[in-house]
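Remarks on the structure that follows.
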Amino acid sequence: MTYWCEWAWLAGGPAANVLVETDGGRITGVTADAGACPPGARRLNGLTLPGLSNAHSHAFHRALRGRTADQRGTFWTWRDRMYRVAERLDPDSYYRLARGVYAEMVLAGITAVGEFHYLHHAPGGASYDDPNAMSAALVRAASEAGIRLTLLDTCYLSSGFGPPVEGVQERFSDRTVESWAERVKDFEPDREGVLLGTALHSVRAVPRAAMPTVRDFAHTRGVPLHLHLSEQRAENDACLAVTGRTPTQLLDEEGLLRAGTTAVHATHPAPGDVARLGRSGTGVCLCPTTESDLADGIGPADELAVAGCALSLGSDGHSVIDPFAEARGVESGMRLRSEVRGHFSTGELTSMATSAGHRALGWPDAGHIELGGRADLVTLSLDSVRFSGVPLASAVLVAGSADMREVVVDGVPVVRDGAHLRVSDAAGELSRSIGELLEAP
């Protein structure tokens, strides 16, 4: 298939009249200043970007959007609400909810998502007949929604530093790290466009003695390893009290900080932690809209970038699903933190939302419009008043997910004229699945 882009975001920024040729899900030709749209080419009016990435998702958190805003509290009081949703899900309801969530992501221009998946078992912690039934539900949902999936199967073994899991956390736990590894080893996704990665939930949920098994599992298989890091000050304080080390120091000593590892949040690093993260080659996934929604705080994105951490973006709890809002949130957070403007260029923010996220998810051949890359193309309409008088090179700084009109994933059209071609009623499906879930006894 050949696409003619009115404007396309190439390595040097926006270029006019770009002809993009694709075959077998790959880009086989890119020609800028190609003149008028040739016969037979699909015309993409507006600004065409590489596929956007969402490096951190908890699909079931989407059910809480707009339902906790009037509740004063902290991350920990919000977590109680989230746990009540987790109690009610089964493979069928998880599939229906996730299919709607992933369709919403595709409509926002996201072509790959990293699902930080820890809801593994039935209530009480019993295994389903298929121990990976919840994983299979997510794989099916992503495939039908037309999005690539990196399923980050998450090890979760303890409730804090030492105590065993309790309550709904029993659904998260395989009891031992060996049981976790055995279950994950036995799962073979039956769909294309799925990569099975690994995750360590946090230093509070995985005892130190179990960390090397998670590390070696990811390293041996050559897959991404993600982990929550220092999202809350309470986690830092507890880790110091029990181990005498910060979470970053502990993970570094156990060899989990390395190229191929992505630390999610890194909101409250202690002095010296930023340098450790940078030296190790660890990437950092920032989730500004969720970090704001949960009152987590503002992390040192500028310091992390200078230290050498590749920064990516995630929608995490899905208070919104809008990669442009996440990108702007990184810069605006730095301005609020430092009272200085201009920490990241438009190109740097665009890279966070595209290529950096795809690399963090194990798809290094995505996130750029160039020869040999994955044929992911997403097109913003520039016709709304939102873009009036805005320089084209700054369009991503004012765009929103509602401006997305065309989405092609691995060469396959999934969104056309703003409508999802596979999930025709994404809004209705999400409304029904959330309603059924929250009304369940």
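Letters A, B, ... mark the chains of the structure tokens in the order given; residue numbers begin at 1 per chain; ligand numbers begin at 1, in order shown.
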* To do: Give me the residues within 12 Å of A:Thr248 as number ranges by chain, counting only C-alpha atoms and dropping any in the same chain fewer than 3 places off.
  => A: 202-203, 227-231, 235-236, 239-240, 243-245, 251-258, 263-264, 266-278, 280, 282
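Shell of stretch 2-8 of chain A at 7 Å, with only C-alpha atoms counted and residues fewer than 3 places along the chain excluded, is A:Pro14, A:Ala15, A:Ala16, A:Asn17, A:Val18, A:Leu19, A:Val20, A:Glu21, A:Thr22, A:Cys37, A:Ala41, A:Arg42, A:Arg43, A:Leu44, A:Asn45, A:Gly46, A:Leu47, A:Thr48, A:Leu49.
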Same residues, C-alpha atoms, saved as a tab-separated table (two decimals), in the first residue's frame:
```tsv
chain	number	residue	atom	x	y	z
A	14	PRO	CA	7.70	17.98	9.33
A	15	ALA	CA	8.14	17.44	5.59
A	16	ALA	CA	5.60	18.17	2.86
A	17	ASN	CA	4.10	15.86	0.24
A	18	VAL	CA	5.67	12.66	1.55
A	19	LEU	CA	5.09	9.38	-0.26
A	20	VAL	CA	5.34	6.35	2.05
A	21	GLU	CA	5.38	2.93	0.42
A	22	THR	CA	4.66	-0.17	2.51
A	37	CYS	CA	-0.91	12.44	-4.60
A	41	ALA	CA	-2.29	6.07	-3.15
A	42	ARG	CA	-4.20	6.58	0.10
A	43	ARG	CA	-4.29	10.32	0.80
A	44	LEU	CA	-3.55	11.32	4.41
A	45	ASN	CA	-4.44	14.97	4.94
A	46	GLY	CA	-2.94	16.66	7.98
A	47	LEU	CA	0.23	15.73	9.88
A	48	THR	CA	1.26	12.07	9.83
A	49	LEU	CA	3.40	10.91	12.74
```
* To do: Please provide as a list in words all residues within 8 Å of A:Pro323, with the sequence filter that same-chain residues fewer than 5 positions apart are discarded (counting only C-alpha atoms).
  => Leu52, Ser53, Asn54, Ala108, Ile110, Leu313, Gly314, Ser315, Ala353, Gly400 and Ser401 of chain A
Go ahead and write the selection's residues with N, CA, C and O atoms as a JSON list (two decimals), in the first residue's frame.
```json
[["chain", "number", "residue", "atom", "x", "y", "z"],
["A", 52, "LEU", "N", 2.36, 6.13, 17.83],
["A", 52, "LEU", "CA", 2.63, 6.53, 19.21],
["A", 52, "LEU", "C", 2.70, 5.30, 20.10],
["A", 52, "LEU", "O", 2.18, 4.24, 19.76],
["A", 53, "SER", "N", 3.34, 5.44, 21.24],
["A", 53, "SER", "CA", 3.54, 4.30, 22.14],
["A", 53, "SER", "C", 2.99, 4.62, 23.52],
["A", 53, "SER", "O", 2.98, 5.77, 23.96],
["A", 54, "ASN", "N", 2.56, 3.57, 24.20],
["A", 54, "ASN", "CA", 2.08, 3.68, 25.58],
["A", 54, "ASN", "C", 2.84, 2.64, 26.38],
["A", 54, "ASN", "O", 2.51, 1.46, 26.37],
["A", 108, "ALA", "N", -6.55, 7.02, 19.77],
["A", 108, "ALA", "CA", -5.67, 8.12, 20.15],
["A", 108, "ALA", "C", -4.34, 8.09, 19.41],
["A", 108, "ALA", "O", -3.48, 8.94, 19.66],
["A", 110, "ILE", "N", -2.20, 5.35, 19.35],
["A", 110, "ILE", "CA", -1.23, 4.44, 19.98],
["A", 110, "ILE", "C", -1.21, 3.13, 19.22],
["A", 110, "ILE", "O", -2.24, 2.49, 19.04],
["A", 313, "LEU", "N", 6.74, 7.36, 27.74],
["A", 313, "LEU", "CA", 5.50, 7.84, 28.33],
["A", 313, "LEU", "C", 4.49, 6.72, 28.47],
["A", 313, "LEU", "O", 4.43, 5.81, 27.65],
["A", 314, "GLY", "N", 3.64, 6.81, 29.52],
["A", 314, "GLY", "CA", 2.57, 5.85, 29.71],
["A", 314, "GLY", "C", 1.33, 6.52, 30.23],
["A", 314, "GLY", "O", 1.39, 7.59, 30.83],
["A", 315, "SER", "N", 0.19, 5.88, 30.00],
["A", 315, "SER", "CA", -1.07, 6.43, 30.52],
["A", 315, "SER", "C", -1.48, 5.76, 31.83],
["A", 315, "SER", "O", -2.47, 6.17, 32.45],
["A", 353, "ALA", "N", 7.16, 10.08, 22.98],
["A", 353, "ALA", "CA", 5.84, 9.53, 22.67],
["A", 353, "ALA", "C", 5.87, 8.50, 21.56],
["A", 353, "ALA", "O", 4.87, 7.82, 21.32],
["A", 400, "GLY", "N", -4.56, 16.96, 20.52],
["A", 400, "GLY", "CA", -5.20, 16.08, 21.47],
["A", 400, "GLY", "C", -5.62, 14.79, 20.78],
["A", 400, "GLY", "O", -5.66, 14.72, 19.55],
["A", 401, "SER", "N", -5.92, 13.78, 21.54],
["A", 401, "SER", "CA", -6.28, 12.49, 20.95],
["A", 401, "SER", "C", -7.49, 12.61, 20.04],
["A", 401, "SER", "O", -7.62, 11.85, 19.07]]
```
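Counting only C-alpha atoms and comparing A:Val168, A:Ala375, A:Val415, A:Ala295, the residue that lies closest to A:Thr77 is A:Ala295.
If you measure from each of A:Leu64, A:Ala259, A:Ala305, A:Ala69 to A:Ser292 using only C-alpha atoms, the closest one turns out to be A:Ala69.
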* Structure fact -> From the list A:Leu149, A:Val378, A:Leu437, A:Met82, the nearest residue to A:Pro413 using only C-alpha atoms is A:Val378
* as JSON, numbers by chain, list the residues of stretch 296-423 of chain A assigned to alpha helix (DSSP H) by DSSP on the backbone atoms of this structure. => {"A": [301, 302, 303, 304, 305, 306, 307, 323, 324, 325, 326, 327, 328, 329, 330, 331, 332, 333, 334, 335, 336, 337, 338, 346, 347, 348, 349, 350, 351, 352, 353, 355, 356, 357, 358, 359, 360]}
* Skip A:Gly362 itself and residues of its chain fewer than 2 positions away, then list as an MDAnalysis selection string all residues within 12 Å of it, counting only C-alpha atoms. => chainID A and resid 53 55 112:114 148:152 193:198 218 221:226 259:262 355:360 364:367
File dump, residues just selected, N, CA and C atoms, as a compact mmCIF listing (two decimals), in the first residue's frame:
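Okay, this is what ended up in selection.txt:
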```txt
# COMPACT_ATOMS: atom_id res chain seq x y z
N SER A 53 3.34 5.44 21.24
CA SER A 53 3.54 4.30 22.14
C SER A 53 2.99 4.62 23.52
N ALA A 55 3.89 3.07 27.06
CA ALA A 55 4.81 2.14 27.68
C ALA A 55 4.35 1.62 29.04
N ALA A 112 1.28 0.62 19.97
CA ALA A 112 1.84 -0.43 20.82
C ALA A 112 1.65 -0.03 22.27
N VAL A 113 1.33 -1.03 23.11
CA VAL A 113 1.09 -0.77 24.52
C VAL A 113 1.83 -1.80 25.37
N GLY A 114 2.35 -1.35 26.48
CA GLY A 114 2.95 -2.24 27.47
C GLY A 114 1.97 -2.43 28.61
N ARG A 148 -0.42 -3.52 18.89
CA ARG A 148 0.64 -4.44 19.34
C ARG A 148 0.69 -4.41 20.86
N LEU A 149 1.02 -5.56 21.43
CA LEU A 149 1.01 -5.70 22.89
C LEU A 149 2.32 -6.27 23.37
N THR A 150 2.93 -5.59 24.34
CA THR A 150 3.99 -6.19 25.14
C THR A 150 3.37 -6.51 26.49
N LEU A 151 3.14 -7.79 26.71
CA LEU A 151 2.50 -8.24 27.95
C LEU A 151 3.60 -8.42 29.00
N LEU A 152 3.64 -7.51 29.95
CA LEU A 152 4.67 -7.50 30.99
C LEU A 152 4.15 -8.28 32.19
N GLY A 193 1.93 -9.98 16.75
CA GLY A 193 2.01 -8.65 17.34
C GLY A 193 1.99 -8.65 18.85
N VAL A 194 2.41 -9.77 19.46
CA VAL A 194 2.45 -9.87 20.93
C VAL A 194 3.85 -10.29 21.35
N LEU A 195 4.41 -9.57 22.31
CA LEU A 195 5.69 -9.90 22.90
C LEU A 195 5.49 -10.13 24.39
N LEU A 196 5.96 -11.26 24.89
CA LEU A 196 5.83 -11.57 26.31
C LEU A 196 7.07 -11.06 27.04
N GLY A 197 6.89 -9.99 27.81
CA GLY A 197 7.96 -9.44 28.62
C GLY A 197 7.75 -9.77 30.09
N THR A 198 8.54 -9.16 30.95
CA THR A 198 8.45 -9.44 32.37
C THR A 198 8.43 -8.14 33.16
N ALA A 218 14.25 -12.54 32.53
CA ALA A 218 14.19 -11.54 31.46
C ALA A 218 15.45 -11.55 30.62
N ARG A 221 15.77 -14.65 28.26
CA ARG A 221 14.83 -14.61 27.13
C ARG A 221 15.02 -13.39 26.24
N GLY A 222 15.83 -12.43 26.71
CA GLY A 222 16.08 -11.22 25.93
C GLY A 222 14.86 -10.35 25.76
N VAL A 223 14.07 -10.21 26.83
CA VAL A 223 12.83 -9.45 26.75
C VAL A 223 12.88 -8.26 27.70
N PRO A 224 12.02 -7.26 27.49
CA PRO A 224 12.01 -6.10 28.39
C PRO A 224 11.65 -6.49 29.81
N LEU A 225 12.23 -5.77 30.76
CA LEU A 225 11.91 -5.90 32.17
C LEU A 225 11.49 -4.52 32.67
N HIS A 226 10.28 -4.42 33.22
CA HIS A 226 9.78 -3.16 33.76
C HIS A 226 9.53 -3.30 35.26
N ALA A 259 20.47 -1.79 30.61
CA ALA A 259 19.78 -1.57 29.35
C ALA A 259 18.76 -2.69 29.17
N GLY A 260 17.55 -2.33 28.77
CA GLY A 260 16.47 -3.30 28.66
C GLY A 260 15.52 -3.24 29.83
N THR A 261 15.90 -2.53 30.90
CA THR A 261 15.02 -2.32 32.04
C THR A 261 14.40 -0.93 31.95
N THR A 262 13.12 -0.84 32.27
CA THR A 262 12.43 0.44 32.33
C THR A 262 11.85 0.62 33.73
N SER A 355 9.38 6.77 19.39
CA SER A 355 10.45 5.77 19.32
C SER A 355 10.93 5.28 20.68
N ALA A 356 11.04 6.17 21.67
CA ALA A 356 11.55 5.75 22.98
C ALA A 356 10.63 4.73 23.63
N GLY A 357 9.33 4.96 23.51
CA GLY A 357 8.38 4.02 24.09
C GLY A 357 8.40 2.68 23.39
N HIS A 358 8.49 2.69 22.06
CA HIS A 358 8.56 1.42 21.33
C HIS A 358 9.81 0.64 21.70
N ARG A 359 10.94 1.32 21.86
CA ARG A 359 12.17 0.63 22.27
C ARG A 359 11.99 0.01 23.66
N ALA A 360 11.39 0.75 24.57
CA ALA A 360 11.18 0.24 25.92
C ALA A 360 10.30 -1.01 25.92
N PRO A 364 12.07 -2.01 18.72
CA PRO A 364 12.98 -0.93 18.31
C PRO A 364 12.84 -0.51 16.85
N ASP A 365 12.15 -1.32 16.05
CA ASP A 365 11.96 -0.98 14.65
C ASP A 365 10.69 -0.19 14.40
N ALA A 366 10.09 0.34 15.46
CA ALA A 366 8.87 1.14 15.34
C ALA A 366 9.13 2.53 15.91
N GLY A 367 8.23 3.47 15.58
CA GLY A 367 8.31 4.80 16.15
C GLY A 367 9.03 5.81 15.29
```
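If you measure from each of A:Arg183, A:Val320, A:Ser394, A:Gly411 to A:Gly373 using only C-alpha atoms, the closest one turns out to be A:Gly411.
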* Asked: Looking at A:Thr176, A:Thr68, A:Thr290, A:Thr28, which one is nearest to A:Arg81, with distances taken over only C-alpha atoms?
  -> A:Thr68
* Provide the atom CA of A:Gly317 to atom CA of A:Thr289 distance in Å, to one decimal place. => 8.7 Å
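Comparing the minimum interatomic distances between A:Val306 and each of A:Ser381, A:Ser319, A:Arg328, A:His343, counting only C-alpha atoms, we find that A:His343 sits nearest.
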* To do: Check the DSSP output for the backbone and give back, as a PyMOL selection string, the residues of stretch 286-360 of chain A in strand (DSSP E).
  => chain A and resi 286+311-313
Residues of the last selection are to be written out with all heavy atoms, as a compact mmCIF listing (two decimals), in the first residue's frame.
```
# COMPACT_ATOMS: atom_id res chain seq x y z
N LEU A 286 7.58 7.88 32.25
CA LEU A 286 6.86 8.89 33.01
C LEU A 286 5.37 8.82 32.65
O LEU A 286 5.02 8.60 31.49
CB LEU A 286 7.40 10.28 32.66
CG LEU A 286 8.91 10.46 32.84
CD1 LEU A 286 9.37 11.78 32.25
CD2 LEU A 286 9.30 10.36 34.31
N LEU A 311 13.71 8.51 28.14
CA LEU A 311 12.40 8.77 28.73
C LEU A 311 11.29 8.35 27.77
O LEU A 311 11.30 8.71 26.59
CB LEU A 311 12.25 10.25 29.07
CG LEU A 311 13.30 10.85 30.01
CD1 LEU A 311 12.96 12.31 30.30
CD2 LEU A 311 13.40 10.04 31.30
N SER A 312 10.34 7.59 28.29
CA SER A 312 9.15 7.20 27.53
C SER A 312 7.92 7.62 28.32
O SER A 312 8.02 8.14 29.43
CB SER A 312 9.16 5.69 27.26
OG SER A 312 9.26 4.96 28.48
N LEU A 313 6.74 7.36 27.74
CA LEU A 313 5.50 7.84 28.33
C LEU A 313 4.49 6.72 28.47
O LEU A 313 4.43 5.81 27.65
CB LEU A 313 4.89 8.95 27.46
CG LEU A 313 5.78 10.15 27.16
CD1 LEU A 313 5.08 11.08 26.17
CD2 LEU A 313 6.12 10.90 28.44
```
* To do: Please provide as a PyMOL selection string all residues within 10 Å of A:Arg191, with the sequence filter that same-chain residues fewer than 5 positions apart are discarded (counting only C-alpha atoms).
  => chain A and resi 136+139-140+142-144+148-149
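The two atoms in question, atom CA of A:Pro300 and atom CA of A:Val396, are spaced 22.3 Å apart.
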